[in-house]
Amino acid sequence: MKTESDPAKLGVRVLPSRAGRPRAIGGGRLAFTLIEMLVVFGLIAALAGLIIGAASAGFNKRIRSRVQTERDSLVNAIEYYKQVKGFYPPDNVSNNTNDPVMNSLFYELTGITVAPNGTPLSVLGAAPAPPAVFNAAGFVNASPDNSETKNFYKTLKPGQYMTITNAAQVAFTLLLVPYRGPITPNTWRYNSSKPAHNPDSYDVWAEVIIGSKTNTIGNWRD
C-alpha cells in the first residue's frame with residue numbers, strides 16, 4: 001500500500017507559497033501590483049481635480065469681487081455728481097445712438113478745463129476729446145476756470161481708464177473694467193436716458209468673462 005510522506009520528515013525544505021503576494025525586486029523591496037498602482041493613480045487624479053477646482057473657484061471669486069468693488073466706487077462717484085449737479089451725468093444713449101459703451105463718464109466725473117481756443121482739456125491730463133465723439137454738444141462738468149470744475153471720482157487710478165484712438169484718429173478716454181470681456185478694451189457701460197433696470201436713475205454695468213461665460217455685473221445685480 002502506498003503512503004504519503006511528510007516532506008519535512010524527509011529533510012526536504014518547504015518554501016512558503018508566494019501566490020497573491022507582491023513580487024520581490026532583487027530579493028529585497030516589494031513591488032506594487034498593477035491594481036494597486038491604478039488605485040494610487042486614481043486617488044492622485046481625484047485629489048488634483050479637487051485642488052484645481054478649488055483654485056479656479058477662488059480665482060473667479062476674486063475677479064467678481066474686484067469688479068464689484070470698482071463698480072461701487074463708480075456708483076459713488078455718479079451719485080456724488082447727482083448730489084452736486086442735481087442730475088446724473090449725460091450718456092450716449094439719447095439722440096438715437098444707443099451706445100452705452102461710448103460714454104463721457106470719464107470726463108464728466110473727473111472734470112474738463114476749456115482752453116482759450118475752446119479745446120476741452122482733461123483735469124487729469126488725459127487726451128482731450130471733442131464732445132461730438134459722444135454725440136454731445138458739450139461737457140457739463142467743464143469750465144475755463146479750473147476751480148469751477150469738480151473731480152467727483154477722486155479714487156480713480158491711472159490703470160482704471162484708457163485713451164483710445166478711433167478710425168478717424170480722434171483720441172478719447174474711457175473708464176476701464178478691471179478684467180477682460182467680450183470687447184477690447186473692456187469698458188464700463190452707462191445708460192441714464194433709458195435705463196432698463198433702474199428706470200428712476202441709471203444703469204451702469206460691466207460685461208466680464210469669468211471661466212467660459214460672460215457675466216453682467218451692474219448696479220442692479222452682482
# chains A, B, ... in the order shown; residues from 1 in each chain; ligands from 1

$ select_by_dssp --residues "range 35-151 of chain A" --states "alpha helix (DSSP H)" --output "ChimeraX atom specification"
/A:35-85,105-110

$ residues_around --residues "range 110-112 of chain A" --least-positions-apart "4" --cutoff "12 Å" --atoms "only C-alpha atoms" --output "mmCIF file with all heavy atoms, in the first residue's frame"
data_model
loop_
_atom_site.group_PDB
_atom_site.id
_atom_site.type_symbol
_atom_site.label_atom_id
_atom_site.label_comp_id
_atom_site.auth_asym_id
_atom_site.auth_seq_id
_atom_site.Cartn_x
_atom_site.Cartn_y
_atom_site.Cartn_z
ATOM 1 N N LEU A 74 -17.510 103.544 -8.729
ATOM 2 C CA LEU A 74 -18.082 104.312 -9.836
ATOM 3 C C LEU A 74 -19.485 104.800 -9.491
ATOM 4 O O LEU A 74 -19.846 105.945 -9.775
ATOM 5 C CB LEU A 74 -18.108 103.430 -11.094
ATOM 6 C CG LEU A 74 -18.704 104.042 -12.360
ATOM 7 C CD1 LEU A 74 -18.026 105.354 -12.719
ATOM 8 C CD2 LEU A 74 -18.596 103.042 -13.518
ATOM 9 N N ALA A 77 -19.281 107.792 -7.263
ATOM 10 C CA ALA A 77 -18.907 108.997 -8.000
ATOM 11 C C ALA A 77 -20.109 109.563 -8.761
ATOM 12 O O ALA A 77 -20.331 110.784 -8.783
ATOM 13 C CB ALA A 77 -17.763 108.682 -8.962
ATOM 14 N N ILE A 78 -20.888 108.683 -9.379
ATOM 15 C CA ILE A 78 -22.074 109.131 -10.125
ATOM 16 C C ILE A 78 -23.104 109.754 -9.180
ATOM 17 O O ILE A 78 -23.708 110.791 -9.492
ATOM 18 C CB ILE A 78 -22.690 107.949 -10.902
ATOM 19 C CG1 ILE A 78 -21.721 107.478 -11.997
ATOM 20 C CG2 ILE A 78 -24.034 108.344 -11.514
ATOM 21 C CD1 ILE A 78 -22.164 106.208 -12.707
ATOM 22 N N TYR A 80 -22.462 111.172 -6.326
ATOM 23 C CA TYR A 80 -21.895 112.443 -5.865
ATOM 24 C C TYR A 80 -22.154 113.537 -6.911
ATOM 25 O O TYR A 80 -22.520 114.672 -6.591
ATOM 26 C CB TYR A 80 -20.404 112.255 -5.618
ATOM 27 C CG TYR A 80 -19.685 113.434 -4.995
ATOM 28 C CD1 TYR A 80 -20.378 114.453 -4.349
ATOM 29 C CD2 TYR A 80 -18.292 113.518 -5.052
ATOM 30 C CE1 TYR A 80 -19.711 115.531 -3.785
ATOM 31 C CE2 TYR A 80 -17.617 114.582 -4.482
ATOM 32 C CZ TYR A 80 -18.319 115.586 -3.861
ATOM 33 O OH TYR A 80 -17.652 116.647 -3.303
ATOM 34 N N TYR A 81 -21.973 113.181 -8.171
ATOM 35 C CA TYR A 81 -22.255 114.100 -9.278
ATOM 36 C C TYR A 81 -23.716 114.551 -9.219
ATOM 37 O O TYR A 81 -24.023 115.747 -9.343
ATOM 38 C CB TYR A 81 -21.948 113.387 -10.590
ATOM 39 C CG TYR A 81 -22.098 114.203 -11.851
ATOM 40 C CD1 TYR A 81 -20.978 114.675 -12.536
ATOM 41 C CD2 TYR A 81 -23.357 114.480 -12.403
ATOM 42 C CE1 TYR A 81 -21.095 115.390 -13.709
ATOM 43 C CE2 TYR A 81 -23.492 115.204 -13.573
ATOM 44 C CZ TYR A 81 -22.356 115.658 -14.219
ATOM 45 O OH TYR A 81 -22.480 116.384 -15.384
ATOM 46 N N PRO A 89 -24.946 112.235 -14.796
ATOM 47 C CA PRO A 89 -24.117 112.562 -15.967
ATOM 48 C C PRO A 89 -24.805 112.126 -17.262
ATOM 49 O O PRO A 89 -25.487 111.093 -17.292
ATOM 50 C CB PRO A 89 -22.832 111.753 -15.740
ATOM 51 C CG PRO A 89 -22.791 111.493 -14.269
ATOM 52 C CD PRO A 89 -24.216 111.379 -13.832
ATOM 53 N N SER A 104 -19.269 109.474 -21.906
ATOM 54 C CA SER A 104 -18.337 110.510 -21.456
ATOM 55 C C SER A 104 -18.157 110.507 -19.936
ATOM 56 O O SER A 104 -17.795 111.532 -19.349
ATOM 57 C CB SER A 104 -18.835 111.885 -21.914
ATOM 58 O OG SER A 104 -20.141 112.133 -21.390
ATOM 59 N N LEU A 105 -18.396 109.377 -19.290
ATOM 60 C CA LEU A 105 -18.306 109.318 -17.828
ATOM 61 C C LEU A 105 -16.944 109.776 -17.309
ATOM 62 O O LEU A 105 -16.868 110.472 -16.297
ATOM 63 C CB LEU A 105 -18.586 107.892 -17.339
ATOM 64 C CG LEU A 105 -20.043 107.516 -17.081
ATOM 65 C CD1 LEU A 105 -20.132 106.087 -16.574
ATOM 66 C CD2 LEU A 105 -20.687 108.474 -16.079
ATOM 67 N N PHE A 106 -15.881 109.379 -17.979
ATOM 68 C CA PHE A 106 -14.548 109.774 -17.505
ATOM 69 C C PHE A 106 -14.449 111.295 -17.404
ATOM 70 O O PHE A 106 -13.999 111.841 -16.386
ATOM 71 C CB PHE A 106 -13.461 109.245 -18.436
ATOM 72 C CG PHE A 106 -12.107 109.820 -18.152
ATOM 73 C CD1 PHE A 106 -11.335 109.346 -17.102
ATOM 74 C CD2 PHE A 106 -11.613 110.875 -18.917
ATOM 75 C CE1 PHE A 106 -10.084 109.904 -16.824
ATOM 76 C CE2 PHE A 106 -10.367 111.432 -18.647
ATOM 77 C CZ PHE A 106 -9.602 110.949 -17.595
ATOM 78 N N GLY A 118 -11.029 126.963 -26.978
ATOM 79 C CA GLY A 118 -12.216 126.121 -26.928
ATOM 80 C C GLY A 118 -11.939 124.630 -26.804
ATOM 81 O O GLY A 118 -12.877 123.832 -26.736
ATOM 82 N N THR A 119 -10.652 124.255 -26.772
ATOM 83 C CA THR A 119 -10.310 122.831 -26.672
ATOM 84 C C THR A 119 -10.565 122.332 -25.254
ATOM 85 O O THR A 119 -10.076 122.919 -24.291
ATOM 86 C CB THR A 119 -8.826 122.601 -27.015
ATOM 87 O OG1 THR A 119 -8.573 123.077 -28.340
ATOM 88 C CG2 THR A 119 -8.470 121.123 -26.928
ATOM 89 N N PRO A 120 -11.326 121.254 -25.091
ATOM 90 C CA PRO A 120 -11.564 120.700 -23.751
ATOM 91 C C PRO A 120 -10.359 119.896 -23.277
ATOM 92 O O PRO A 120 -9.867 119.017 -23.980
ATOM 93 C CB PRO A 120 -12.784 119.798 -23.957
ATOM 94 C CG PRO A 120 -12.731 119.405 -25.394
ATOM 95 C CD PRO A 120 -12.087 120.549 -26.130
ATOM 96 N N LEU A 121 -9.861 120.227 -22.107
ATOM 97 C CA LEU A 121 -8.691 119.555 -21.554
ATOM 98 C C LEU A 121 -9.076 118.823 -20.276
ATOM 99 O O LEU A 121 -9.718 119.384 -19.390
ATOM 100 C CB LEU A 121 -7.582 120.574 -21.247
ATOM 101 C CG LEU A 121 -7.129 121.446 -22.424
ATOM 102 C CD1 LEU A 121 -6.113 122.478 -21.934
ATOM 103 C CD2 LEU A 121 -6.526 120.576 -23.519
ATOM 104 N N SER A 122 -8.673 117.572 -20.190
ATOM 105 C CA SER A 122 -8.974 116.780 -19.004
ATOM 106 C C SER A 122 -8.192 117.297 -17.805
ATOM 107 O O SER A 122 -6.993 117.580 -17.907
ATOM 108 C CB SER A 122 -8.625 115.308 -19.247
ATOM 109 O OG SER A 122 -8.638 114.582 -18.038
ATOM 110 N N VAL A 123 -8.855 117.414 -16.676
ATOM 111 C CA VAL A 123 -8.188 117.849 -15.448
ATOM 112 C C VAL A 123 -7.096 116.858 -15.051
ATOM 113 O O VAL A 123 -6.066 117.232 -14.491
ATOM 114 C CB VAL A 123 -9.218 117.996 -14.307
ATOM 115 C CG1 VAL A 123 -8.532 118.238 -12.976
ATOM 116 C CG2 VAL A 123 -10.187 119.135 -14.610
ATOM 117 N N LEU A 124 -7.286 115.568 -15.370
ATOM 118 C CA LEU A 124 -6.302 114.536 -15.019
ATOM 119 C C LEU A 124 -5.198 114.396 -16.058
ATOM 120 O O LEU A 124 -4.326 113.540 -15.931
ATOM 121 C CB LEU A 124 -7.001 113.186 -14.834
ATOM 122 C CG LEU A 124 -8.010 113.091 -13.690
ATOM 123 C CD1 LEU A 124 -8.512 111.657 -13.544
ATOM 124 C CD2 LEU A 124 -7.402 113.567 -12.374
ATOM 125 N N GLY A 125 -5.242 115.231 -17.108
ATOM 126 C CA GLY A 125 -4.181 115.195 -18.106
ATOM 127 C C GLY A 125 -4.394 114.186 -19.212
ATOM 128 O O GLY A 125 -3.478 113.936 -20.004
ATOM 129 N N ALA A 126 -5.562 113.573 -19.283
ATOM 130 C CA ALA A 126 -5.842 112.630 -20.369
ATOM 131 C C ALA A 126 -6.028 113.384 -21.672
ATOM 132 O O ALA A 126 -6.184 114.609 -21.693
ATOM 133 C CB ALA A 126 -7.091 111.806 -20.052
ATOM 134 N N ALA A 127 -5.997 112.646 -22.768
ATOM 135 C CA ALA A 127 -6.131 113.269 -24.079
ATOM 136 C C ALA A 127 -7.452 114.023 -24.189
ATOM 137 O O ALA A 127 -8.488 113.529 -23.751
ATOM 138 C CB ALA A 127 -6.057 112.197 -25.162
ATOM 139 N N PRO A 128 -7.422 115.246 -24.744
ATOM 140 C CA PRO A 128 -8.668 115.992 -24.917
ATOM 141 C C PRO A 128 -9.555 115.287 -25.935
ATOM 142 O O PRO A 128 -9.072 114.658 -26.874
ATOM 143 C CB PRO A 128 -8.193 117.350 -25.447
ATOM 144 C CG PRO A 128 -6.877 117.056 -26.088
ATOM 145 C CD PRO A 128 -6.256 115.964 -25.284
ATOM 146 N N ALA A 129 -10.849 115.392 -25.738
ATOM 147 C CA ALA A 129 -11.785 114.750 -26.653
ATOM 148 C C ALA A 129 -12.898 115.718 -27.006
ATOM 149 O O ALA A 129 -13.478 116.356 -26.119
ATOM 150 C CB ALA A 129 -12.373 113.497 -26.020
ATOM 151 N N PRO A 130 -13.223 115.868 -28.267
ATOM 152 C CA PRO A 130 -14.361 116.727 -28.639
ATOM 153 C C PRO A 130 -15.662 116.073 -28.184
ATOM 154 O O PRO A 130 -15.838 114.858 -28.303
ATOM 155 C CB PRO A 130 -14.271 116.786 -30.171
ATOM 156 C CG PRO A 130 -13.526 115.548 -30.551
ATOM 157 C CD PRO A 130 -12.563 115.275 -29.437
ATOM 158 N N PRO A 131 -16.574 116.841 -27.632
ATOM 159 C CA PRO A 131 -17.855 116.271 -27.165
ATOM 160 C C PRO A 131 -18.606 115.522 -28.254
ATOM 161 O O PRO A 131 -19.386 114.608 -27.966
ATOM 162 C CB PRO A 131 -18.636 117.495 -26.695
ATOM 163 C CG PRO A 131 -17.607 118.537 -26.431
ATOM 164 C CD PRO A 131 -16.497 118.284 -27.409
ATOM 165 N N GLY A 138 -21.549 119.487 -25.725
ATOM 166 C CA GLY A 138 -20.504 119.954 -24.822
ATOM 167 C C GLY A 138 -20.495 119.117 -23.556
ATOM 168 O O GLY A 138 -21.322 118.227 -23.367
ATOM 169 N N PHE A 139 -19.526 119.396 -22.693
ATOM 170 C CA PHE A 139 -19.441 118.723 -21.397
ATOM 171 C C PHE A 139 -20.096 119.600 -20.335
ATOM 172 O O PHE A 139 -19.979 120.826 -20.358
ATOM 173 C CB PHE A 139 -17.984 118.463 -21.021
ATOM 174 C CG PHE A 139 -17.284 117.501 -21.943
ATOM 175 C CD1 PHE A 139 -16.300 117.947 -22.807
ATOM 176 C CD2 PHE A 139 -17.612 116.156 -21.946
ATOM 177 C CE1 PHE A 139 -15.649 117.070 -23.659
ATOM 178 C CE2 PHE A 139 -16.964 115.270 -22.792
ATOM 179 C CZ PHE A 139 -15.982 115.728 -23.655
ATOM 180 N N VAL A 140 -20.759 118.970 -19.386
ATOM 181 C CA VAL A 140 -21.426 119.715 -18.313
ATOM 182 C C VAL A 140 -20.424 120.122 -17.246
ATOM 183 O O VAL A 140 -20.380 121.286 -16.826
ATOM 184 C CB VAL A 140 -22.554 118.869 -17.687
ATOM 185 C CG1 VAL A 140 -23.213 119.633 -16.545
ATOM 186 C CG2 VAL A 140 -23.590 118.479 -18.737
ATOM 187 N N ASN A 141 -19.613 119.199 -16.804
ATOM 188 C CA ASN A 141 -18.624 119.471 -15.754
ATOM 189 C C ASN A 141 -17.369 120.062 -16.381
ATOM 190 O O ASN A 141 -16.293 119.472 -16.372
ATOM 191 C CB ASN A 141 -18.301 118.184 -14.994
ATOM 192 C CG ASN A 141 -17.403 118.429 -13.788
ATOM 193 O OD1 ASN A 141 -17.357 119.527 -13.242
ATOM 194 N ND2 ASN A 141 -16.696 117.379 -13.374
ATOM 195 N N ALA A 142 -17.521 121.261 -16.968
ATOM 196 C CA ALA A 142 -16.430 121.912 -17.691
ATOM 197 C C ALA A 142 -16.506 123.410 -17.503
ATOM 198 O O ALA A 142 -17.583 123.984 -17.354
ATOM 199 C CB ALA A 142 -16.507 121.567 -19.182
ATOM 200 N N SER A 143 -15.313 124.040 -17.486
ATOM 201 C CA SER A 143 -15.256 125.495 -17.312
ATOM 202 C C SER A 143 -13.859 125.991 -17.684
ATOM 203 O O SER A 143 -12.875 125.259 -17.507
ATOM 204 C CB SER A 143 -15.564 125.873 -15.859
ATOM 205 O OG SER A 143 -15.350 127.248 -15.642
ATOM 206 N N PRO A 144 -13.753 127.224 -18.184
ATOM 207 C CA PRO A 144 -12.419 127.802 -18.424
ATOM 208 C C PRO A 144 -11.641 127.963 -17.122
ATOM 209 O O PRO A 144 -10.413 127.966 -17.132
ATOM 210 C CB PRO A 144 -12.738 129.161 -19.071
ATOM 211 C CG PRO A 144 -14.109 129.002 -19.638
ATOM 212 C CD PRO A 144 -14.821 128.085 -18.693
ATOM 213 N N ASP A 145 -12.367 128.085 -16.025
ATOM 214 C CA ASP A 145 -11.742 128.234 -14.715
ATOM 215 C C ASP A 145 -11.673 126.857 -14.050
ATOM 216 O O ASP A 145 -12.700 126.235 -13.758
ATOM 217 C CB ASP A 145 -12.559 129.201 -13.855
ATOM 218 C CG ASP A 145 -11.874 129.500 -12.530
ATOM 219 O OD1 ASP A 145 -10.869 128.832 -12.213
ATOM 220 O OD2 ASP A 145 -12.356 130.398 -11.803
ATOM 221 N N ASN A 146 -10.455 126.388 -13.816
ATOM 222 C CA ASN A 146 -10.266 125.049 -13.255
ATOM 223 C C ASN A 146 -10.925 124.902 -11.889
ATOM 224 O O ASN A 146 -11.345 123.812 -11.505
ATOM 225 C CB ASN A 146 -8.757 124.747 -13.137
ATOM 226 C CG ASN A 146 -8.505 123.274 -12.896
ATOM 227 O OD1 ASN A 146 -9.283 122.426 -13.337
ATOM 228 N ND2 ASN A 146 -7.421 122.970 -12.211
ATOM 229 N N SER A 147 -11.039 126.011 -11.159
ATOM 230 C CA SER A 147 -11.629 125.949 -9.821
ATOM 231 C C SER A 147 -13.134 125.696 -9.872
ATOM 232 O O SER A 147 -13.735 125.353 -8.860
ATOM 233 C CB SER A 147 -11.337 127.249 -9.057
ATOM 234 O OG SER A 147 -11.954 128.358 -9.694
ATOM 235 N N GLU A 148 -13.733 125.898 -11.041
ATOM 236 C CA GLU A 148 -15.170 125.711 -11.162
ATOM 237 C C GLU A 148 -15.544 124.289 -11.600
ATOM 238 O O GLU A 148 -16.716 123.930 -11.620
ATOM 239 C CB GLU A 148 -15.746 126.726 -12.148
ATOM 240 C CG GLU A 148 -15.629 128.168 -11.654
ATOM 241 C CD GLU A 148 -16.236 129.149 -12.628
ATOM 242 O OE1 GLU A 148 -16.849 128.691 -13.631
ATOM 243 O OE2 GLU A 148 -16.114 130.366 -12.421
ATOM 244 N N THR A 149 -14.557 123.510 -11.989
ATOM 245 C CA THR A 149 -14.815 122.107 -12.303
ATOM 246 C C THR A 149 -14.563 121.281 -11.052
ATOM 247 O O THR A 149 -13.830 121.686 -10.147
ATOM 248 C CB THR A 149 -13.912 121.607 -13.442
ATOM 249 O OG1 THR A 149 -12.541 121.684 -13.020
ATOM 250 C CG2 THR A 149 -14.122 122.426 -14.694
ATOM 251 N N LYS A 150 -15.155 120.103 -11.003
ATOM 252 C CA LYS A 150 -15.036 119.278 -9.806
ATOM 253 C C LYS A 150 -14.707 117.836 -10.183
ATOM 254 O O LYS A 150 -15.281 117.288 -11.138
ATOM 255 C CB LYS A 150 -16.349 119.317 -9.015
ATOM 256 C CG LYS A 150 -16.237 118.712 -7.621
ATOM 257 C CD LYS A 150 -17.501 118.959 -6.832
ATOM 258 C CE LYS A 150 -17.367 118.461 -5.403
ATOM 259 N NZ LYS A 150 -16.323 119.173 -4.630
ATOM 260 N N ASN A 151 -13.781 117.264 -9.430
ATOM 261 C CA ASN A 151 -13.453 115.853 -9.611
ATOM 262 C C ASN A 151 -14.318 115.034 -8.659
ATOM 263 O O ASN A 151 -14.096 115.024 -7.452
ATOM 264 C CB ASN A 151 -11.964 115.609 -9.342
ATOM 265 C CG ASN A 151 -11.559 114.168 -9.635
ATOM 266 O OD1 ASN A 151 -12.389 113.321 -9.968
ATOM 267 N ND2 ASN A 151 -10.275 113.881 -9.513
ATOM 268 N N PHE A 152 -15.288 114.349 -9.210
ATOM 269 C CA PHE A 152 -16.195 113.532 -8.398
ATOM 270 C C PHE A 152 -15.659 112.116 -8.169
ATOM 271 O O PHE A 152 -16.227 111.367 -7.387
ATOM 272 C CB PHE A 152 -17.564 113.447 -9.084
ATOM 273 C CG PHE A 152 -18.244 114.770 -9.242
ATOM 274 C CD1 PHE A 152 -18.142 115.490 -10.422
ATOM 275 C CD2 PHE A 152 -18.998 115.311 -8.197
ATOM 276 C CE1 PHE A 152 -18.775 116.711 -10.573
ATOM 277 C CE2 PHE A 152 -19.640 116.536 -8.335
ATOM 278 C CZ PHE A 152 -19.522 117.234 -9.525
ATOM 279 N N TYR A 153 -14.595 111.784 -8.865
ATOM 280 C CA TYR A 153 -14.066 110.417 -8.818
ATOM 281 C C TYR A 153 -12.605 110.457 -8.375
ATOM 282 O O TYR A 153 -11.698 110.083 -9.111
ATOM 283 C CB TYR A 153 -14.193 109.779 -10.204
ATOM 284 C CG TYR A 153 -14.193 108.274 -10.231
ATOM 285 C CD1 TYR A 153 -14.502 107.594 -11.408
ATOM 286 C CD2 TYR A 153 -13.881 107.509 -9.114
ATOM 287 C CE1 TYR A 153 -14.519 106.205 -11.461
ATOM 288 C CE2 TYR A 153 -13.894 106.131 -9.163
ATOM 289 C CZ TYR A 153 -14.207 105.484 -10.346
ATOM 290 O OH TYR A 153 -14.205 104.118 -10.391
ATOM 291 N N LYS A 154 -12.403 110.868 -7.145
ATOM 292 C CA LYS A 154 -11.041 111.081 -6.658
ATOM 293 C C LYS A 154 -10.283 109.779 -6.390
ATOM 294 O O LYS A 154 -9.061 109.792 -6.244
ATOM 295 C CB LYS A 154 -11.074 111.939 -5.397
ATOM 296 C CG LYS A 154 -11.531 113.367 -5.669
ATOM 297 C CD LYS A 154 -11.427 114.236 -4.433
ATOM 298 C CE LYS A 154 -11.831 115.670 -4.749
ATOM 299 N NZ LYS A 154 -11.742 116.567 -3.569
ATOM 300 N N THR A 155 -10.993 108.653 -6.298
ATOM 301 C CA THR A 155 -10.319 107.374 -6.083
ATOM 302 C C THR A 155 -9.865 106.732 -7.391
ATOM 303 O O THR A 155 -9.253 105.660 -7.380
ATOM 304 C CB THR A 155 -11.243 106.391 -5.345
ATOM 305 O OG1 THR A 155 -12.415 106.156 -6.138
ATOM 306 C CG2 THR A 155 -11.661 106.946 -3.989
ATOM 307 N N LEU A 156 -10.157 107.379 -8.520
ATOM 308 C CA LEU A 156 -9.797 106.821 -9.817
ATOM 309 C C LEU A 156 -8.280 106.795 -9.992
ATOM 310 O O LEU A 156 -7.595 107.789 -9.764
ATOM 311 C CB LEU A 156 -10.432 107.660 -10.934
ATOM 312 C CG LEU A 156 -10.274 107.126 -12.355
ATOM 313 C CD1 LEU A 156 -11.043 105.818 -12.540
ATOM 314 C CD2 LEU A 156 -10.743 108.164 -13.374
ATOM 315 N N LYS A 157 -7.752 105.646 -10.417
ATOM 316 C CA LYS A 157 -6.310 105.467 -10.617
ATOM 317 C C LYS A 157 -6.003 105.376 -12.115
ATOM 318 O O LYS A 157 -6.875 105.024 -12.917
ATOM 319 C CB LYS A 157 -5.825 104.212 -9.898
ATOM 320 C CG LYS A 157 -6.043 104.249 -8.392
ATOM 321 C CD LYS A 157 -5.573 102.945 -7.762
ATOM 322 C CE LYS A 157 -5.708 102.982 -6.238
ATOM 323 N NZ LYS A 157 -7.105 103.192 -5.802
ATOM 324 N N TYR A 161 -8.491 103.763 -16.457
ATOM 325 C CA TYR A 161 -9.003 104.419 -17.656
ATOM 326 C C TYR A 161 -7.964 104.310 -18.768
ATOM 327 O O TYR A 161 -6.787 104.067 -18.516
ATOM 328 C CB TYR A 161 -9.386 105.878 -17.397
ATOM 329 C CG TYR A 161 -8.292 106.744 -16.833
ATOM 330 C CD1 TYR A 161 -7.404 107.427 -17.667
ATOM 331 C CD2 TYR A 161 -8.153 106.911 -15.462
ATOM 332 C CE1 TYR A 161 -6.403 108.240 -17.154
ATOM 333 C CE2 TYR A 161 -7.157 107.721 -14.929
ATOM 334 C CZ TYR A 161 -6.285 108.374 -15.768
ATOM 335 O OH TYR A 161 -5.295 109.170 -15.246
ATOM 336 N N THR A 173 -10.990 109.191 -23.983
ATOM 337 C CA THR A 173 -10.673 108.352 -22.829
ATOM 338 C C THR A 173 -11.944 107.740 -22.254
ATOM 339 O O THR A 173 -12.960 108.429 -22.094
ATOM 340 C CB THR A 173 -9.941 109.167 -21.745
ATOM 341 O OG1 THR A 173 -8.757 109.735 -22.316
ATOM 342 C CG2 THR A 173 -9.553 108.289 -20.563
ATOM 343 N N LEU A 174 -11.864 106.442 -21.932
ATOM 344 C CA LEU A 174 -12.997 105.713 -21.362
ATOM 345 C C LEU A 174 -12.576 105.036 -20.064
ATOM 346 O O LEU A 174 -11.392 104.760 -19.845
ATOM 347 C CB LEU A 174 -13.502 104.645 -22.349
ATOM 348 C CG LEU A 174 -14.007 105.138 -23.709
ATOM 349 C CD1 LEU A 174 -14.363 103.938 -24.583
ATOM 350 C CD2 LEU A 174 -15.199 106.057 -23.552
ATOM 351 N N LEU A 175 -13.555 104.751 -19.219
ATOM 352 C CA LEU A 175 -13.299 104.053 -17.962
ATOM 353 C C LEU A 175 -13.206 102.554 -18.226
ATOM 354 O O LEU A 175 -14.065 101.971 -18.886
ATOM 355 C CB LEU A 175 -14.416 104.343 -16.958
ATOM 356 C CG LEU A 175 -14.557 105.794 -16.504
ATOM 357 C CD1 LEU A 175 -15.779 105.950 -15.602
ATOM 358 C CD2 LEU A 175 -13.298 106.252 -15.773
#

$ atom_distance --atom1 "CA of Leu109 in chain A" --atom2 "CA of Gln160 in chain A"
13.1 Å

$ atom_distance --atom1 "CA of Gln83 in chain A" --atom2 "CA of Ser193 in chain A"
17.7 Å

$ atom_distance --atom1 "CA of Asp200 in chain A" --atom2 "CA of Pro90 in chain A"
14.4 Å

$ closest_atom_pairs --of "range 64-157 of chain A" --to "range 202-210 of chain A" --cutoff "10 Å" --atoms "only C-alpha atoms" --output "Markdown table"
| residue | atom | partner | partner_atom | distance |
| --- | --- | --- | --- | --- |
| A:Arg64 | CA | A:Ile210 | CA | 8.0 |
| A:Val67 | CA | A:Ala206 | CA | 8.0 |
| A:Gln68 | CA | A:Ala206 | CA | 9.3 |
| A:Arg71 | CA | A:Trp205 | CA | 7.5 |
| A:Leu74 | CA | A:Val204 | CA | 8.5 |
| A:Val75 | CA | A:Val204 | CA | 7.8 |
| A:Ile78 | CA | A:Tyr202 | CA | 9.4 |
| A:Tyr88 | CA | A:Tyr202 | CA | 7.8 |
| A:Pro89 | CA | A:Tyr202 | CA | 9.4 |
| A:Asp91 | CA | A:Tyr202 | CA | 9.6 |
| A:Pro100 | CA | A:Val204 | CA | 8.8 |
| A:Val101 | CA | A:Ala206 | CA | 9.6 |

$ closest_residue --among "A:Thr214, A:Asn60, A:Ser73, A:Asn103" --to "Ile183 in chain A" --atoms "only C-alpha atoms"
A:Thr214
